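**Student:** There's a structure below that I have some questions on.
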Amino acid sequence: MIDERIAERRAEVRGERRRIRLRRTLVLVLVAIVVAGLVAVERSALVGLEEVRVHGVQRLETAAVLDAADLDLGTSTLRLGLGDAAERVTALPLVREASASRVDPLTVQIEVVEREPVLNVTGAGITRLVDRDGILIAEGEVDGLVEIRLAAEPPAVGQEVDEDPALANAHLAWRGLGGPLRTEVTRLDAEGPEELTLQLERGLEVRFGRAQRLDEKVRALGAILGDLDNETRDAGGVATIDVRAPAAPVVVGR
């Protein structure tokens with residue numbers, strides 16, 4: 001009886017092992033079939049990229065975005081590096097941020113948020129545009145924007161204002177001006193990092209110096225302009241206001 005039970009148990013163990021091996025074989029076969037199917041689909045025209053759409057461009061050319069994204073038509077959408085494509089587009093000077101996503105299995109859409117110019121920067125006969133973050137975003141100028149005038153050529157498009165200390169100082173000062181006061185400024189003359197002069201709409205010149213103690217300088221200048229407004233809008237006989245030492249501002253007559 002004992003020998004019969006041992007024999008039966010051994011038979012059961014062998015049977016269980018065969019069933020386990022069979023299940024493993026079936027699983028491996030199914031996995032192989034699935035992988036082969038995915039590879040076949042991935043290589044087929046069914047998921048080949050047919051269209052790349054670009055939204056959000058104004059100053060930027062659509063072709064420049066497509067070139068930067070570098071998404072070749074016909075490439076399988078299953079292996080497109082959309083994150084990398086968005087990073088390449090974001091690297092364009094005019095782009096603040098970008099994203100890329102699939103609209104459908106055959107179409108990708110790139111959304112672009114452009115940088116907005118806030119200043120014209122001129123030097124050596126060349127004018128470029130700067131955004132609020134201090135990035136030189138394009139060649140040319142925009143009517144109505146305040147001008148920063150430099151003694152030398154502005155940094156190249158794509159660079160930051162920090163490349164030129166005089167420009168960096170002027171840009172920082174412009175950002176530090178309050179809204180009402182900023183609207184008074186028509187030009188910033190930046191001869192050097194220590195030499196910044198503001199030209200006001202009313203014909204006044206403001207010696208501003210370094211963009212330090214900004215709050216104090218803005219308060220001092222605002223107080224003086226307020227006093228002048230109480231007298232006459234054209235500033236009467238005043239030619240220059242010096243706030244380089246904001247605790248002791250100086251008003252110079254014509």
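Letters A, B, ... mark the chains of the structure tokens in the order given; residue numbers begin at 1 per chain; ligand numbers begin at 1, in order shown.
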Would you pick out the contacts of range 206-211 of chain A at 9 Å or less, using only C-alpha atoms, so that residues sharing its chain but fewer than 6 positions from it are not included, and give the list as a list in words?
**Tutor:**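 The residues that qualify are Asn169, Ala170, His171, Leu172, Ala173, Trp174, Gly176, Pro193, Glu194, Glu195, Leu196, Thr197, Leu198, Gln199, Leu200, Lys217, Leu221, Ala239, Thr240, Ile241, Asp242, Val243, Arg244 and Ala245 of chain A.
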**Student:** Store the residues picked out above in a file with C-alpha atoms, as an mmCIF file, in the first residue's frame.
**Tutor:**
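The result, stored in part02.cif:
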```cif
data_model
loop_
_atom_site.group_PDB
_atom_site.id
_atom_site.type_symbol
_atom_site.label_atom_id
_atom_site.label_comp_id
_atom_site.auth_asym_id
_atom_site.auth_seq_id
_atom_site.Cartn_x
_atom_site.Cartn_y
_atom_site.Cartn_z
ATOM 1 C CA ASN A 169 21.457 97.467 -15.412
ATOM 2 C CA ALA A 170 18.992 99.355 -17.612
ATOM 3 C CA HIS A 171 16.692 96.340 -17.901
ATOM 4 C CA LEU A 172 16.673 95.836 -14.139
ATOM 5 C CA ALA A 173 15.926 99.523 -13.558
ATOM 6 C CA TRP A 174 13.062 99.454 -16.064
ATOM 7 C CA GLY A 176 11.819 98.233 -10.973
ATOM 8 C CA PRO A 193 26.736 99.799 -15.898
ATOM 9 C CA GLU A 194 27.117 102.826 -13.630
ATOM 10 C CA GLU A 195 25.645 105.364 -16.035
ATOM 11 C CA LEU A 196 21.916 105.212 -16.677
ATOM 12 C CA THR A 197 19.785 108.186 -17.622
ATOM 13 C CA LEU A 198 16.016 108.135 -18.073
ATOM 14 C CA GLN A 199 14.369 110.407 -20.614
ATOM 15 C CA LEU A 200 10.831 111.321 -19.576
ATOM 16 C CA LYS A 217 14.972 105.971 -6.063
ATOM 17 C CA LEU A 221 11.595 110.515 -8.210
ATOM 18 C CA ALA A 239 15.979 120.207 -16.708
ATOM 19 C CA THR A 240 17.448 117.317 -14.726
ATOM 20 C CA ILE A 241 16.601 115.264 -11.672
ATOM 21 C CA ASP A 242 19.398 113.290 -10.024
ATOM 22 C CA VAL A 243 18.296 110.392 -7.807
ATOM 23 C CA ARG A 244 21.591 108.504 -7.731
ATOM 24 C CA ALA A 245 21.652 109.334 -4.027
#
```
**Student:** At a cut-off of 10 Å, using only C-alpha atoms, what residues contact Leu71 in chain A? Leave out same-chain residues fewer than 6 positions from it and give the result as a list in words.
**Tutor:** Leu49, Glu51, Val52, Thr77, Leu80, Gly81, Leu82, Ala85 and Val108 of chain A
**Student:** Can you pull out every residue within 7 Å of range 53-65 of chain A, counting only C-alpha atoms, but drop anything in the same chain fewer than 6 positions away, and send it as number ranges by chain?
**Tutor:** A: 89, 94, 108-114
**Student:** Of the residues A:Arg96, A:Arg149, A:Arg102, A:Arg88, which is the one nearest to Gly123 in chain A, using only C-alpha atoms?
**Tutor:**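 When distances to Gly123 in chain A are compared using only C-alpha atoms, the smallest one comes from A:Arg149.
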**Student:** Enumerate, as a short mmCIF file (atom, residue, chain, number, x, y, z; two decimals) with C-alpha atoms, in the first residue's frame, the complete set of residues in range 128-222 of chain A that a backbone-based DSSP assignment places in helix (DSSP H, G or I).
**Tutor:**
```cif
data_model
loop_
_atom_site.label_atom_id
_atom_site.label_comp_id
_atom_site.auth_asym_id
_atom_site.auth_seq_id
_atom_site.Cartn_x
_atom_site.Cartn_y
_atom_site.Cartn_z
CA VAL A 161 20.82 91.01 -21.14
CA ASP A 162 23.49 89.94 -18.62
CA GLU A 163 25.89 89.63 -21.55
CA PRO A 165 26.40 94.98 -17.99
CA ALA A 166 25.01 98.33 -19.14
CA LEU A 167 21.98 96.65 -20.71
CA ALA A 168 21.46 94.42 -17.68
CA ASN A 169 21.46 97.47 -15.41
CA ALA A 170 18.99 99.36 -17.61
CA HIS A 171 16.69 96.34 -17.90
CA LEU A 172 16.67 95.84 -14.14
CA ALA A 173 15.93 99.52 -13.56
CA TRP A 174 13.06 99.45 -16.06
CA ARG A 175 11.53 96.45 -14.31
CA GLY A 176 11.82 98.23 -10.97
CA GLY A 179 3.55 101.42 -13.49
CA PRO A 180 2.69 105.15 -13.62
CA LEU A 181 6.36 106.13 -13.60
CA ARG A 182 7.24 103.56 -16.25
CA THR A 183 4.68 105.10 -18.60
CA GLU A 184 6.56 108.42 -18.27
CA LEU A 214 15.32 100.89 -6.54
CA ASP A 215 12.42 101.45 -4.17
CA GLU A 216 14.12 104.50 -2.67
CA LYS A 217 14.97 105.97 -6.06
CA VAL A 218 11.46 105.40 -7.38
CA ARG A 219 9.92 107.04 -4.30
CA ALA A 220 12.27 110.03 -4.51
CA LEU A 221 11.60 110.51 -8.21
CA GLY A 222 7.85 110.10 -7.75
#
```
**Student:** Counting only C-alpha atoms, which residue out of A:Ala247, A:Ala69, A:Leu145, A:Val130 sits closest to Gln159 in chain A?
**Tutor:**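 The shortest atom-to-atom distance to Gln159 in chain A comes from A:Val130.
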**Student:** To test your reading of the structure, identify every residue in range 22-131 of chain A that backbone DSSP assigns to strand (DSSP E or B), and report it as a PyMOL selection string.
**Tutor:** chain A and resi 48+51-55+76+95-104+107-114+117-123+126-131
**Student:** Could you save the residues just selected, with N, CA and C atoms, as a compact mmCIF listing (two decimals), in the first residue's frame?
**Tutor:**
```txt
# COMPACT_ATOMS: atom_id res chain seq x y z
N GLY A 48 2.02 55.69 -38.95
CA GLY A 48 3.04 56.61 -39.44
C GLY A 48 2.56 58.05 -39.33
N GLU A 51 0.83 64.26 -40.01
CA GLU A 51 0.68 65.72 -39.93
C GLU A 51 1.19 66.23 -38.59
N VAL A 52 1.87 67.38 -38.65
CA VAL A 52 2.28 68.09 -37.42
C VAL A 52 1.66 69.48 -37.48
N ARG A 53 0.80 69.78 -36.53
CA ARG A 53 0.14 71.09 -36.47
C ARG A 53 0.86 71.99 -35.46
N VAL A 54 0.88 73.27 -35.76
CA VAL A 54 1.52 74.25 -34.87
C VAL A 54 0.49 75.32 -34.51
N HIS A 55 0.27 75.53 -33.22
CA HIS A 55 -0.66 76.55 -32.75
C HIS A 55 0.08 77.55 -31.85
N SER A 76 6.90 56.33 -37.00
CA SER A 76 5.85 55.74 -36.17
C SER A 76 5.55 56.66 -34.98
N VAL A 95 10.41 81.62 -28.04
CA VAL A 95 9.46 80.71 -27.38
C VAL A 95 9.66 80.73 -25.87
N ARG A 96 8.58 81.02 -25.16
CA ARG A 96 8.62 80.95 -23.70
C ARG A 96 8.40 79.52 -23.23
N GLU A 97 7.43 78.84 -23.82
CA GLU A 97 7.19 77.43 -23.48
C GLU A 97 6.50 76.75 -24.65
N ALA A 98 6.64 75.44 -24.71
CA ALA A 98 6.03 74.66 -25.79
C ALA A 98 5.68 73.27 -25.28
N SER A 99 4.68 72.68 -25.90
CA SER A 99 4.30 71.30 -25.57
C SER A 99 3.92 70.60 -26.86
N ALA A 100 4.06 69.28 -26.87
CA ALA A 100 3.70 68.47 -28.04
C ALA A 100 2.86 67.29 -27.59
N SER A 101 1.79 67.03 -28.30
CA SER A 101 0.91 65.93 -27.92
C SER A 101 0.27 65.32 -29.17
N ARG A 102 -0.21 64.08 -29.03
CA ARG A 102 -0.90 63.40 -30.13
C ARG A 102 -2.36 63.84 -30.15
N VAL A 103 -2.81 64.27 -31.31
CA VAL A 103 -4.23 64.59 -31.48
C VAL A 103 -4.99 63.32 -31.81
N ASP A 104 -4.38 62.49 -32.63
CA ASP A 104 -4.91 61.17 -32.99
C ASP A 104 -3.71 60.30 -33.35
N THR A 107 -1.51 62.20 -35.98
CA THR A 107 -1.32 63.66 -35.94
C THR A 107 -0.73 64.10 -34.62
N VAL A 108 0.24 65.01 -34.69
CA VAL A 108 0.83 65.62 -33.50
C VAL A 108 0.58 67.12 -33.54
N GLN A 109 0.27 67.68 -32.41
CA GLN A 109 0.05 69.13 -32.32
C GLN A 109 1.07 69.75 -31.37
N ILE A 110 1.69 70.83 -31.81
CA ILE A 110 2.66 71.57 -31.00
C ILE A 110 2.04 72.90 -30.60
N GLU A 111 1.92 73.13 -29.30
CA GLU A 111 1.39 74.38 -28.76
C GLU A 111 2.56 75.26 -28.33
N VAL A 112 2.56 76.50 -28.80
CA VAL A 112 3.66 77.42 -28.53
C VAL A 112 3.14 78.66 -27.81
N VAL A 113 3.85 79.07 -26.77
CA VAL A 113 3.60 80.36 -26.12
C VAL A 113 4.82 81.23 -26.38
N GLU A 114 4.63 82.29 -27.14
CA GLU A 114 5.75 83.14 -27.52
C GLU A 114 6.12 84.12 -26.41
N PRO A 117 7.81 90.98 -26.60
CA PRO A 117 8.80 92.04 -26.47
C PRO A 117 8.27 93.18 -25.62
N VAL A 118 9.14 93.73 -24.79
CA VAL A 118 8.73 94.87 -23.95
C VAL A 118 9.64 96.07 -24.15
N LEU A 119 10.80 95.86 -24.77
CA LEU A 119 11.76 96.95 -24.97
C LEU A 119 12.46 96.80 -26.32
N ASN A 120 12.73 97.94 -26.95
CA ASN A 120 13.66 97.97 -28.08
C ASN A 120 15.04 98.30 -27.53
N VAL A 121 16.04 97.57 -27.98
CA VAL A 121 17.42 97.83 -27.54
C VAL A 121 18.24 98.20 -28.77
N THR A 122 18.86 99.39 -28.73
CA THR A 122 19.58 99.89 -29.89
C THR A 122 21.03 100.20 -29.53
N GLY A 123 21.93 99.86 -30.46
CA GLY A 123 23.34 100.19 -30.30
C GLY A 123 24.09 99.90 -31.58
N ILE A 126 22.06 98.97 -34.64
CA ILE A 126 21.31 97.70 -34.64
C ILE A 126 20.27 97.74 -33.53
N THR A 127 19.06 97.26 -33.86
CA THR A 127 17.98 97.23 -32.86
C THR A 127 17.47 95.81 -32.71
N ARG A 128 17.32 95.38 -31.47
CA ARG A 128 16.78 94.06 -31.16
C ARG A 128 15.71 94.19 -30.08
N LEU A 129 14.91 93.16 -29.97
CA LEU A 129 13.80 93.15 -29.01
C LEU A 129 14.16 92.32 -27.79
N VAL A 130 13.71 92.82 -26.63
CA VAL A 130 13.96 92.14 -25.35
C VAL A 130 12.63 91.89 -24.66
N ASP A 131 12.50 90.72 -24.03
CA ASP A 131 11.28 90.46 -23.27
C ASP A 131 11.50 90.78 -21.80
```
**Student:** Please report the interatomic distance between CA of Arg115 in chain A and CA of Ile137 in chain A in Å with one decimal.
**Tutor:**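 Computing it gives 7.3 Å between the two atoms.
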**Student:** Could you state the separation of CA of Ala248 in chain A and CA of Leu204 in chain A in Å, given to one decimal place?
**Tutor:**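 According to the coordinates, CA of Ala248 in chain A and CA of Leu204 in chain A are separated by 18.3 Å.
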**Student:** So what do you get for CA of Leu78 in chain A versus CA of Glu50 in chain A, distance-wise?
**Tutor:** 12.9 Å
